[in-house]
file query-v7.pdb (PDB, C-alpha atoms and all ligand atoms)
ATOM      1  CA  MET A 292     141.157-114.963 166.205
ATOM      2  CA  ALA A 293     137.663-114.442 164.802
ATOM      3  CA  THR A 294     136.050-117.413 163.057
ATOM      4  CA  LEU A 295     134.801-117.122 159.485
ATOM      5  CA  LYS A 296     131.260-116.926 160.838
ATOM      6  CA  GLU A 297     132.178-114.091 163.173
ATOM      7  CA  LEU A 298     134.065-112.243 160.443
ATOM      8  CA  ALA A 299     131.225-112.692 157.987
ATOM      9  CA  SER A 300     128.616-111.452 160.436
ATOM     10  CA  LYS A 301     130.510-108.213 161.079
ATOM     11  CA  GLU A 302     129.284-105.010 159.533
ATOM     12  CA  GLU A 303     130.552-104.337 156.007
ATOM     13  CA  LEU A 304     132.686-101.202 156.259
ATOM     14  CA  PHE A 305     133.792-101.098 152.634
ATOM     15  CA  THR A 306     130.857-101.134 150.247
ATOM     16  CA  GLY A 307     130.401-102.703 146.846
ATOM     17  CA  GLY A 308     129.693-100.516 143.839
ATOM     18  CA  HIS A 309     133.182 -99.009 143.790
ATOM     19  CA  ARG A 310     135.083 -98.531 140.545
ATOM     20  CA  LEU A 311     137.990-100.888 141.132
ATOM     21  CA  CYS A 312     138.495-103.330 138.243
ATOM     22  CA  SER A 313     136.869-106.738 138.422
ATOM     23  CA  GLY A 314     139.420-109.194 139.728
ATOM     24  CA  CYS A 315     141.344-106.466 141.571
ATOM     25  CA  GLY A 316     143.078-107.809 144.665
ATOM     26  CA  ILE A 317     142.512-104.675 146.731
ATOM     27  CA  PRO A 318     138.812-104.962 147.808
ATOM     28  CA  PRO A 319     139.071-108.325 149.605
ATOM     29  CA  ILE A 320     142.179-107.040 151.395
ATOM     30  CA  VAL A 321     140.487-103.830 152.572
ATOM     31  CA  ARG A 322     137.286-105.624 153.600
ATOM     32  CA  LEU A 323     139.175-108.183 155.675
ATOM     33  CA  VAL A 324     141.408-105.573 157.285
ATOM     34  CA  LEU A 325     138.517-103.278 158.292
ATOM     35  CA  ARG A 326     136.549-106.233 159.681
ATOM     36  CA  SER A 327     139.543-107.209 161.788
ATOM     37  CA  ALA A 328     139.927-103.852 163.542
ATOM     38  CA  GLY A 329     137.732-104.844 166.485
ATOM     39  CA  ALA A 330     136.999-101.165 167.272
ATOM     40  CA  PRO A 331     135.940 -98.014 165.426
ATOM     41  CA  VAL A 332     138.584 -97.354 162.820
ATOM     42  CA  VAL A 333     139.806 -94.268 160.953
ATOM     43  CA  ALA A 334     141.381 -94.827 157.533
ATOM     44  CA  THR A 335     143.470 -92.868 155.098
ATOM     45  CA  THR A 336     144.653 -93.803 151.619
ATOM     46  CA  ALA A 337     147.560 -92.636 149.499
ATOM     47  CA  THR A 338     146.481 -91.698 145.989
ATOM     48  CA  GLY A 339     146.438 -94.839 143.914
ATOM     49  CA  CYS A 340     143.840 -97.277 142.568
ATOM     50  CA  LEU A 341     142.200 -97.698 145.975
ATOM     51  CA  GLU A 342     141.623 -93.999 146.423
ATOM     52  CA  VAL A 343     140.559 -93.123 142.898
ATOM     53  CA  GLY A 344     138.297 -96.172 142.662
ATOM     54  CA  THR A 345     136.432 -95.608 145.925
ATOM     55  CA  THR A 346     136.094 -91.867 146.449
ATOM     56  CA  ILE A 347     134.674 -90.493 143.227
ATOM     57  CA  TYR A 348     132.681 -87.431 144.301
ATOM     58  CA  PRO A 349     129.854 -87.490 145.383
ATOM     59  CA  TYR A 350     130.209 -91.195 146.175
ATOM     60  CA  THR A 351     132.280 -93.074 148.720
ATOM     61  CA  SER A 352     132.813 -96.748 149.502
ATOM     62  CA  TRP A 353     134.070 -96.022 152.994
ATOM     63  CA  ARG A 354     131.680 -96.554 155.873
ATOM     64  CA  VAL A 355     134.358 -95.416 158.302
ATOM     65  CA  PRO A 356     135.830 -91.948 158.820
ATOM     66  CA  TRP A 357     138.223 -91.577 155.902
ATOM     67  CA  ILE A 358     140.763 -88.901 155.080
ATOM     68  CA  HIS A 359     142.488 -88.154 151.784
ATOM     69  CA  SER A 360     146.298 -88.151 151.612
ATOM     70  CA  ALA A 361     148.651 -87.167 148.853
ATOM     71  CA  PHE A 362     150.620 -89.875 147.066
ATOM     72  CA  GLU A 363     153.597 -89.409 149.349
ATOM     73  CA  ASN A 364     152.241 -88.973 152.839
ATOM     74  CA  ALA A 365     149.592 -91.463 153.991
ATOM     75  CA  ALA A 366     151.711 -92.427 157.011
ATOM     76  CA  ALA A 367     152.174 -88.761 157.968
ATOM     77  CA  THR A 368     148.412 -88.160 157.669
ATOM     78  CA  ILE A 369     147.516 -91.035 159.947
ATOM     79  CA  SER A 370     150.265 -89.946 162.395
ATOM     80  CA  GLY A 371     148.552 -86.568 162.688
ATOM     81  CA  VAL A 372     145.119 -88.090 163.215
ATOM     82  CA  GLU A 373     146.440 -90.497 165.833
ATOM     83  CA  SER A 374     148.254 -87.663 167.633
ATOM     84  CA  ALA A 375     145.076 -85.567 167.718
ATOM     85  CA  TYR A 376     143.201 -88.555 169.177
ATOM     86  CA  LYS A 377     145.838 -88.958 171.891
ATOM     87  CA  ALA A 378     145.590 -85.261 172.735
ATOM     88  CA  PHE A 379     141.783 -85.460 172.946
ATOM     89  CA  LYS A 380     142.069 -88.488 175.222
ATOM     90  CA  ARG A 381     144.595 -86.735 177.446
ATOM     91  CA  LYS A 382     142.228 -83.800 177.824
ATOM     92  CA  GLY A 383     139.324 -86.141 178.600
ATOM     93  CA  LYS A 384     137.419 -85.133 175.468
ATOM     94  CA  MET A 385     137.280 -88.670 174.063
ATOM     95  CA  LYS A 386     136.662 -92.085 175.517
ATOM     96  CA  GLY A 387     136.938 -95.614 174.173
ATOM     97  CA  ASP A 388     139.334 -97.185 171.771
ATOM     98  CA  VAL A 389     139.861 -96.065 168.174
ATOM     99  CA  LYS A 390     142.126 -97.780 165.639
ATOM    100  CA  PHE A 391     144.020 -96.139 162.796
ATOM    101  CA  VAL A 392     144.939 -97.571 159.420
ATOM    102  CA  ALA A 393     146.716 -96.215 156.338
ATOM    103  CA  PHE A 394     146.584 -97.927 152.947
ATOM    104  CA  GLY A 395     149.034 -97.361 150.118
ATOM    105  CA  GLY A 396     149.993 -99.044 146.868
ATOM    106  CA  ASP A 397     153.562-100.130 146.226
ATOM    107  CA  GLY A 398     154.347 -96.828 144.458
ATOM    108  CA  GLY A 399     153.000 -94.877 147.423
ATOM    109  CA  THR A 400     154.812 -97.089 149.922
ATOM    110  CA  TYR A 401     158.042 -98.579 148.530
ATOM    111  CA  ASP A 402     158.857 -95.368 146.648
ATOM    112  CA  ILE A 403     157.233 -91.995 147.123
ATOM    113  CA  GLY A 404     155.792 -92.468 150.632
ATOM    114  CA  LEU A 405     158.786 -94.280 152.078
ATOM    115  CA  GLN A 406     160.100 -91.299 154.030
ATOM    116  CA  ALA A 407     156.664 -90.623 155.556
ATOM    117  CA  LEU A 408     156.309 -94.296 156.476
ATOM    118  CA  SER A 409     159.815 -94.487 157.936
ATOM    119  CA  GLY A 410     159.221 -91.338 159.993
ATOM    120  CA  ALA A 411     155.910 -92.580 161.366
ATOM    121  CA  LEU A 412     157.403 -95.964 162.274
ATOM    122  CA  GLU A 413     160.360 -94.309 163.957
ATOM    123  CA  ARG A 414     158.173 -91.923 165.965
ATOM    124  CA  GLY A 415     156.177 -94.900 167.196
ATOM    125  CA  HIS A 416     152.621 -93.865 166.363
ATOM    126  CA  ASN A 417     149.917 -96.379 167.149
ATOM    127  CA  PHE A 418     148.646 -97.351 163.690
ATOM    128  CA  LEU A 419     148.612-100.084 161.072
ATOM    129  CA  TYR A 420     150.023 -99.483 157.616
ATOM    130  CA  ILE A 421     148.816-101.763 154.822
ATOM    131  CA  CYS A 422     150.713-101.823 151.556
ATOM    132  CA  TYR A 423     148.751-103.486 148.769
ATOM    133  CA  ASP A 424     151.497-104.528 146.383
ATOM    134  CA  ASN A 425     150.293-104.954 142.797
ATOM    135  CA  GLY A 426     153.836-104.492 141.510
ATOM    136  CA  ALA A 427     153.565-101.196 139.591
ATOM    137  CA  TYR A 428     152.012 -97.726 139.484
ATOM    138  CA  MET A 429     148.811 -99.166 138.103
ATOM    139  CA  ASN A 430     146.265 -96.329 138.174
ATOM    140  CA  THR A 431     148.485 -93.987 136.176
ATOM    141  CA  GLY A 432     149.283 -96.480 133.409
ATOM    142  CA  ILE A 433     151.402 -99.396 134.673
ATOM    143  CA  GLN A 434     154.744 -97.653 135.282
ATOM    144  CA  ARG A 435     157.450 -99.689 137.057
ATOM    145  CA  SER A 436     157.903 -99.257 140.791
ATOM    146  CA  SER A 437     160.655-100.552 143.046
ATOM    147  CA  ALA A 438     158.261-103.420 143.853
ATOM    148  CA  THR A 439     157.935-104.479 140.206
ATOM    149  CA  PRO A 440     159.313-108.006 139.758
ATOM    150  CA  PHE A 441     162.627-108.488 137.954
ATOM    151  CA  GLY A 442     161.988-109.199 134.258
ATOM    152  CA  SER A 443     158.474-107.700 134.234
ATOM    153  CA  ALA A 444     157.372-105.535 131.311
ATOM    154  CA  THR A 445     155.768-102.226 132.289
ATOM    155  CA  THR A 446     155.248 -99.022 130.311
ATOM    156  CA  THR A 447     158.503 -97.604 131.732
ATOM    157  CA  SER A 448     160.432-100.893 131.593
ATOM    158  CA  PRO A 449     159.087-102.219 128.297
ATOM    159  CA  ALA A 450     160.426-105.540 127.060
ATOM    160  CA  GLY A 451     161.943-105.118 123.615
ATOM    161  CA  THR A 452     165.274-105.049 121.850
ATOM    162  CA  VAL A 453     166.876-102.708 124.406
ATOM    163  CA  ILE A 454     165.897-104.409 127.690
ATOM    164  CA  PRO A 455     164.029-107.645 128.489
ATOM    165  CA  GLY A 456     161.739-106.004 131.066
ATOM    166  CA  LYS A 457     162.710-104.556 134.447
ATOM    167  CA  GLN A 458     166.396-104.986 135.293
ATOM    168  CA  GLU A 459     166.331-104.600 139.069
ATOM    169  CA  TRP A 460     165.191-106.994 141.790
ATOM    170  CA  ARG A 461     162.155-106.051 143.903
ATOM    171  CA  LYS A 462     163.050-103.907 146.914
ATOM    172  CA  ASP A 463     162.441-105.913 150.093
ATOM    173  CA  LEU A 464     160.242-103.410 151.863
ATOM    174  CA  THR A 465     159.120-105.772 154.623
ATOM    175  CA  ARG A 466     162.739-106.189 155.739
ATOM    176  CA  ILE A 467     163.245-102.429 155.626
ATOM    177  CA  VAL A 468     160.220-101.982 157.894
ATOM    178  CA  VAL A 469     161.428-104.724 160.243
ATOM    179  CA  ALA A 470     164.763-102.880 160.519
ATOM    180  CA  HIS A 471     162.795-100.063 162.216
ATOM    181  CA  ARG A 472     162.240-102.537 165.096
ATOM    182  CA  VAL A 473     158.478-102.212 164.876
ATOM    183  CA  PRO A 474     156.543-104.522 167.216
ATOM    184  CA  TYR A 475     154.763-106.298 164.356
ATOM    185  CA  ALA A 476     155.268-106.678 160.610
ATOM    186  CA  ALA A 477     154.015-109.336 158.206
ATOM    187  CA  GLN A 478     153.544-110.410 154.624
ATOM    188  CA  ALA A 479     150.125-111.741 153.621
ATOM    189  CA  SER A 480     148.040-112.692 150.611
ATOM    190  CA  PRO A 481     144.273-112.432 149.997
ATOM    191  CA  HIS A 482     143.963-116.107 148.977
ATOM    192  CA  LEU A 483     144.666-117.101 152.593
ATOM    193  CA  TRP A 484     141.933-114.989 154.157
ATOM    194  CA  LYS A 485     142.368-116.563 157.588
ATOM    195  CA  ASP A 486     146.063-115.782 157.760
ATOM    196  CA  LEU A 487     145.417-112.239 156.494
ATOM    197  CA  ALA A 488     142.590-111.575 158.980
ATOM    198  CA  ARG A 489     144.578-113.028 161.881
ATOM    199  CA  LYS A 490     147.546-110.826 161.019
ATOM    200  CA  ALA A 491     145.393-107.700 160.742
ATOM    201  CA  GLU A 492     143.721-108.497 164.059
ATOM    202  CA  LYS A 493     147.102-108.992 165.701
ATOM    203  CA  ALA A 494     148.480-105.807 164.166
ATOM    204  CA  PHE A 495     145.491-103.759 165.390
ATOM    205  CA  GLN A 496     145.830-105.224 168.883
ATOM    206  CA  THR A 497     149.537-104.449 169.070
ATOM    207  CA  GLU A 498     150.512-101.148 170.637
ATOM    208  CA  GLY A 499     152.750 -99.103 168.372
ATOM    209  CA  PRO A 500     153.381 -98.980 164.628
ATOM    210  CA  THR A 501     152.542-102.165 162.713
ATOM    211  CA  PHE A 502     152.852-103.039 159.059
ATOM    212  CA  MET A 503     151.522-105.534 156.544
ATOM    213  CA  ASN A 504     152.681-106.018 152.987
ATOM    214  CA  VAL A 505     149.931-107.755 151.028
ATOM    215  CA  MET A 506     150.170-109.295 147.565
ATOM    216  CA  SER A 507     147.495-107.743 145.365
ATOM    217  CA  PRO A 508     146.975-109.219 141.879
ATOM    218  CA  CYS A 509     146.110-106.756 139.114
ATOM    219  CA  PRO A 510     144.468-108.125 135.924
ATOM    220  CA  LEU A 511     145.132-104.838 134.095
ATOM    221  CA  GLY A 512     148.876-104.642 134.720
ATOM    222  CA  TRP A 513     149.555-108.374 134.836
ATOM    223  CA  TYR A 514     147.555-109.011 131.643
ATOM    224  CA  THR A 515     145.579-111.780 133.313
ATOM    225  CA  LYS A 516     141.915-112.755 133.572
ATOM    226  CA  PRO A 517     139.949-111.251 136.483
ATOM    227  CA  GLU A 518     138.719-114.677 137.595
ATOM    228  CA  ASP A 519     142.309-115.931 137.964
ATOM    229  CA  SER A 520     143.506-113.275 140.424
ATOM    230  CA  ILE A 521     143.181-115.252 143.622
ATOM    231  CA  GLY A 522     144.884-118.213 141.916
ATOM    232  CA  PHE A 523     147.804-115.932 141.020
ATOM    233  CA  ALA A 524     148.041-114.726 144.618
ATOM    234  CA  LYS A 525     148.249-118.386 145.691
ATOM    235  CA  LEU A 526     150.875-119.167 143.054
ATOM    236  CA  SER A 527     153.033-116.239 144.169
ATOM    237  CA  VAL A 528     153.106-117.844 147.617
ATOM    238  CA  ASP A 529     153.463-121.470 146.442
ATOM    239  CA  THR A 530     156.467-120.506 144.295
ATOM    240  CA  CYS A 531     157.922-118.651 147.318
ATOM    241  CA  TYR A 532     158.108-115.427 145.309
ATOM    242  CA  TRP A 533     155.914-113.986 148.078
ATOM    243  CA  PRO A 534     156.671-115.838 151.326
ATOM    244  CA  LEU A 535     154.156-115.528 154.130
ATOM    245  CA  TYR A 536     155.871-114.638 157.374
ATOM    246  CA  GLU A 537     155.584-112.335 160.344
ATOM    247  CA  VAL A 538     157.985-110.696 162.749
ATOM    248  CA  ALA A 539     156.478-110.167 166.201
ATOM    249  CA  ASP A 540     158.646-108.460 168.826
ATOM    250  CA  GLY A 541     161.728-109.282 166.809
ATOM    251  CA  VAL A 542     161.034-113.014 166.310
ATOM    252  CA  LEU A 543     160.504-114.184 162.756
ATOM    253  CA  LYS A 544     158.008-116.908 161.932
ATOM    254  CA  VAL A 545     157.362-118.419 158.513
ATOM    255  CA  ASN A 546     153.596-118.937 158.414
ATOM    256  CA  TYR A 547     153.301-121.144 155.367
ATOM    257  CA  LYS A 548     155.720-123.669 153.898
ATOM    258  CA  PRO A 549     154.426-125.101 150.618
ATOM    259  CA  LYS A 550     154.412-128.918 150.661
ATOM    260  CA  GLU A 551     155.678-128.770 147.138
ATOM    261  CA  LYS A 552     157.524-125.574 146.203
ATOM    262  CA  LYS A 553     156.437-124.751 142.653
ATOM    263  CA  PRO A 554     158.852-123.417 140.007
ATOM    264  CA  VAL A 555     158.542-119.670 139.468
ATOM    265  CA  GLU A 556     157.785-120.418 135.828
ATOM    266  CA  ASP A 557     154.297-121.573 136.897
ATOM    267  CA  TRP A 558     153.561-118.051 138.176
ATOM    268  CA  LEU A 559     155.240-116.230 135.284
ATOM    269  CA  LYS A 560     153.967-118.125 132.265
ATOM    270  CA  PRO A 561     150.271-117.211 132.355
ATOM    271  CA  GLN A 562     150.976-113.503 132.951
ATOM    272  CA  GLY A 563     151.212-111.205 129.917
ATOM    273  CA  ARG A 564     153.804-108.972 131.626
ATOM    274  CA  PHE A 565     156.282-111.897 131.445
ATOM    275  CA  LYS A 566     155.331-113.080 127.940
ATOM    276  CA  HIS A 567     158.735-112.120 126.471
ATOM    277  CA  LEU A 568     160.522-114.418 128.925
ATOM    278  CA  PHE A 569     159.077-117.404 127.079
ATOM    279  CA  LYS A 570     160.728-116.397 123.808
ATOM    280  CA  PRO A 571     164.359-117.219 122.877
ATOM    281  CA  GLY A 572     166.803-115.825 125.454
ATOM    282  CA  GLY A 573     164.190-115.516 128.204
ATOM    283  CA  ASP A 574     165.197-118.712 129.996
ATOM    284  CA  GLU A 575     168.340-117.030 131.380
ATOM    285  CA  ILE A 576     166.221-114.428 133.143
ATOM    286  CA  ILE A 577     163.847-117.072 134.514
ATOM    287  CA  GLU A 578     166.834-119.063 135.792
ATOM    288  CA  LYS A 579     168.266-115.994 137.484
ATOM    289  CA  MET A 580     164.912-115.319 139.073
ATOM    290  CA  GLN A 581     164.576-118.911 140.307
ATOM    291  CA  LYS A 582     168.067-118.795 141.839
ATOM    292  CA  THR A 583     167.346-115.587 143.741
ATOM    293  CA  ILE A 584     164.004-116.903 144.984
ATOM    294  CA  ASP A 585     165.635-120.147 146.171
ATOM    295  CA  LEU A 586     168.383-118.267 147.995
ATOM    296  CA  GLU A 587     165.930-115.872 149.651
ATOM    297  CA  TRP A 588     163.626-118.738 150.680
ATOM    298  CA  GLU A 589     166.514-120.675 152.247
ATOM    299  CA  ARG A 590     167.638-117.557 154.068
ATOM    300  CA  LEU A 591     164.116-117.057 155.405
ATOM    301  CA  LEU A 592     163.864-120.672 156.582
ATOM    302  CA  GLU A 593     167.186-120.258 158.403
ATOM    303  CA  MET A 594     165.699-117.320 160.297
ATOM    304  CA  ASP A 595     162.434-119.122 161.119
ATOM    305  CA  GLY A 596     161.844-119.035 164.870
ATOM    306  CA  LYS A 597     164.854-116.779 165.463
ATOM    307  CA  ARG A 598     165.337-113.228 166.636
ATOM    308  CA  VAL A 599     166.031-110.862 163.776
ATOM    309  CA  TYR A 600     166.494-107.783 165.954
TER     310      TYR A 600
HETATM  311  C1  LIG B 701     154.291 -86.635 144.163
HETATM  312  C2  LIG B 701     153.371 -87.245 143.161
HETATM  313  N1  LIG B 701     153.889 -87.864 142.075
HETATM  314  C3  LIG B 701     153.078 -88.457 141.180
HETATM  315  C4  LIG B 701     151.716 -88.426 141.340
HETATM  316  C5  LIG B 701     150.806 -89.078 140.325
HETATM  317  N2  LIG B 701     150.331 -90.356 140.795
HETATM  318  C6  LIG B 701     149.180 -90.496 141.492
HETATM  319  S1  LIG B 701     148.855 -92.085 141.887
HETATM  320  C7  LIG B 701     150.269 -92.632 141.110
HETATM  321  C8  LIG B 701     150.627 -94.092 141.032
HETATM  322  C9  LIG B 701     150.186 -94.897 142.210
HETATM  323  O1  LIG B 701     150.815 -96.142 142.213
HETATM  324  P1  LIG B 701     150.699 -97.110 143.438
HETATM  325  O2  LIG B 701     150.990 -96.399 144.688
HETATM  326  O3  LIG B 701     151.522 -98.320 143.155
HETATM  327  O4  LIG B 701     149.159 -97.468 143.479
HETATM  328  P2  LIG B 701     148.215 -98.179 142.392
HETATM  329  O5  LIG B 701     147.886 -97.130 141.375
HETATM  330  O6  LIG B 701     148.964 -99.326 141.802
HETATM  331  O7  LIG B 701     147.043 -98.567 143.193
HETATM  332  C10 LIG B 701     150.970 -91.558 140.573
HETATM  333  C11 LIG B 701     152.241 -91.664 139.812
HETATM  334  C12 LIG B 701     151.198 -87.776 142.484
HETATM  335  N3  LIG B 701     149.886 -87.749 142.722
HETATM  336  N4  LIG B 701     152.035 -87.182 143.364
END
call {"tool": "encode", "arguments": {"input": "query-v7.pdb", "output": "structure tokens"}}
result
Amino acid sequence: MATLKELASKEELFTGGHRLCSGCGIPPIVRLVLRSAGAPVVATTATGCLEVGTTIYPYTSWRVPWIHSAFENAAATISGVESAYKAFKRKGKMKGDVKFVAFGGDGGTYDIGLQALSGALERGHNFLYICYDNGAYMNTGIQRSSATPFGSATTTSPAGTVIPGKQEWRKDLTRIVVAHRVPYAAQASPHLWKDLARKAEKAFQTEGPTFMNVMSPCPLGWYTKPEDSIGFAKLSVDTCYWPLYEVADGVLKVNYKPKEKKPVEDWLKPQGRFKHLFKPGGDEIIEKMQKTIDLEWERLLEMDGKRVY
């Protein structure tokens, strides 16, 4: 994999001056992914923070060919572009290697774009799909998504006298993708840049559909300080809420085992979206959350090094 020096000396393909919030987790993810392509790369984005913050006419932050998608069909868009490329190659009209990447938020991936993603994975297009998971539909006003953590307050799962935040557990999208028997899928986090860049590089080098689900802190929707974002990404991994693992050709590998697994409370307490959990009655929800995390982590460790399909 590329060293930090090599990565840093590569051309910047995603410029500064965009309108994403300060402390947003998305820009470091996109920068690292584009730098890891190792070839000319074509990108598309589902509507979401990334798109609205980087493509405000007449400006663009993309120094690569970029194509707009609707909220629901980034994977279908990139499938079409990749198919056109293959046809051009077959006819001898294009030479060289081109990579293809689609980016979507959790709303555009776990929910509304899931059928497009599933179809593209099943058809076997040669592309990488990156989901930046900030845990809600952030750019339209912090509505809950199926990636929103259990117990989190959003504008459509508000904590109050009726419900104490979201009542459903986060959908495990990475496992759903793995069930498509894709050659490579992984979870990553921007605080471990090396792990993220290595995974992106590997995904781009793998023939066929590949997928990465990346934790993306959001100061606006998490009610946190911009300067704490990377620390929150780290805490989500150290509490095992967001385990780092990859599945390559069916074999699962846990990439990071915290020396000291932190209680989920450490991740929840400083975030405004979980504020209500630290009032009377909230401890039951935190306990439930801890139990599920522990069970899921144990299950993952049992699968470490084993074939999962
Ligand atoms: C079919 C459809 N439904 C709703 C919308 C409105 N819409 C655009 S972006 C968005 C939320 C995006 O959420 P997410 O994908 O999580 O990305 P984020 O805003 O968090 O970056 C919504 C509801 C739309 N454009 N198309």
call {"tool": "closest_residue", "arguments": {"input": "query-v7.pdb", "among": "A:Pro510, A:Ala524, A:Leu559, A:Asp486", "to": "Tyr536 of chain A", "atoms": "all atoms listed in the file"}}
result
A:Asp486
call {"tool": "resolve_selection", "arguments": {"input": "query-v7.pdb", "expression": "the PyMOL selection byres (((chain A and resi 519) around 12) and not hetatm)", "output": "PyMOL selection string"}}
result
chain A and resi 313-316+482+508-510+513-518+520-526+558+561-562
call {"tool": "atom_distance", "arguments": {"input": "query-v7.pdb", "atom1": "atom CA of Gly596 of chain A", "atom2": "atom CA of Arg466 of chain A"}}
result
15.8 Å
call {"tool": "resolve_selection", "arguments": {"input": "query-v7.pdb", "expression": "the PyMOL selection byres (((not hetatm)) within 9 of (chain B and resi 701))", "output": "PyMOL selection string"}}
result
chain A and resi 317+337-343+361-363+395-404+422-436+438+509+512
call {"tool": "closest_residue", "arguments": {"input": "query-v7.pdb", "among": "A:Asn417, A:Gln406, A:Ser480, A:Ser370", "to": "Gly499 of chain A", "atoms": "all atoms listed in the file"}}
result
A:Asn417
call {"tool": "resolve_selection", "arguments": {"input": "query-v7.pdb", "expression": "the PyMOL selection byres (((chain A and resi 355) around 12) and not hetatm)", "output": "list in words"}}
result
Glu302, Glu303, Leu304, Phe305, Thr306, Val321, Arg322, Leu325, Arg326, Ala328, Ala330, Pro331, Val332, Val333, Ala334, Thr335, Thr351, Ser352, Trp353, Arg354, Pro356, Trp357, Ile358, Val389, Lys390, Phe391 and Val392 of chain A
call {"tool": "closest_residue", "arguments": {"input": "query-v7.pdb", "among": "A:Leu419, A:Met506, A:Met385, A:Leu586", "to": "Val324 of chain A", "atoms": "all atoms listed in the file"}}
result
A:Leu419
call {"tool": "atom_distance", "arguments": {"input": "query-v7.pdb", "atom1": "atom CA of Glu498 of chain A", "atom2": "atom CA of Pro474 of chain A"}}
result
7.7 Å
call {"tool": "atom_distance", "arguments": {"input": "query-v7.pdb", "atom1": "atom CA of Phe441 of chain A", "atom2": "atom CA of Met580 of chain A"}}
result
7.3 Å
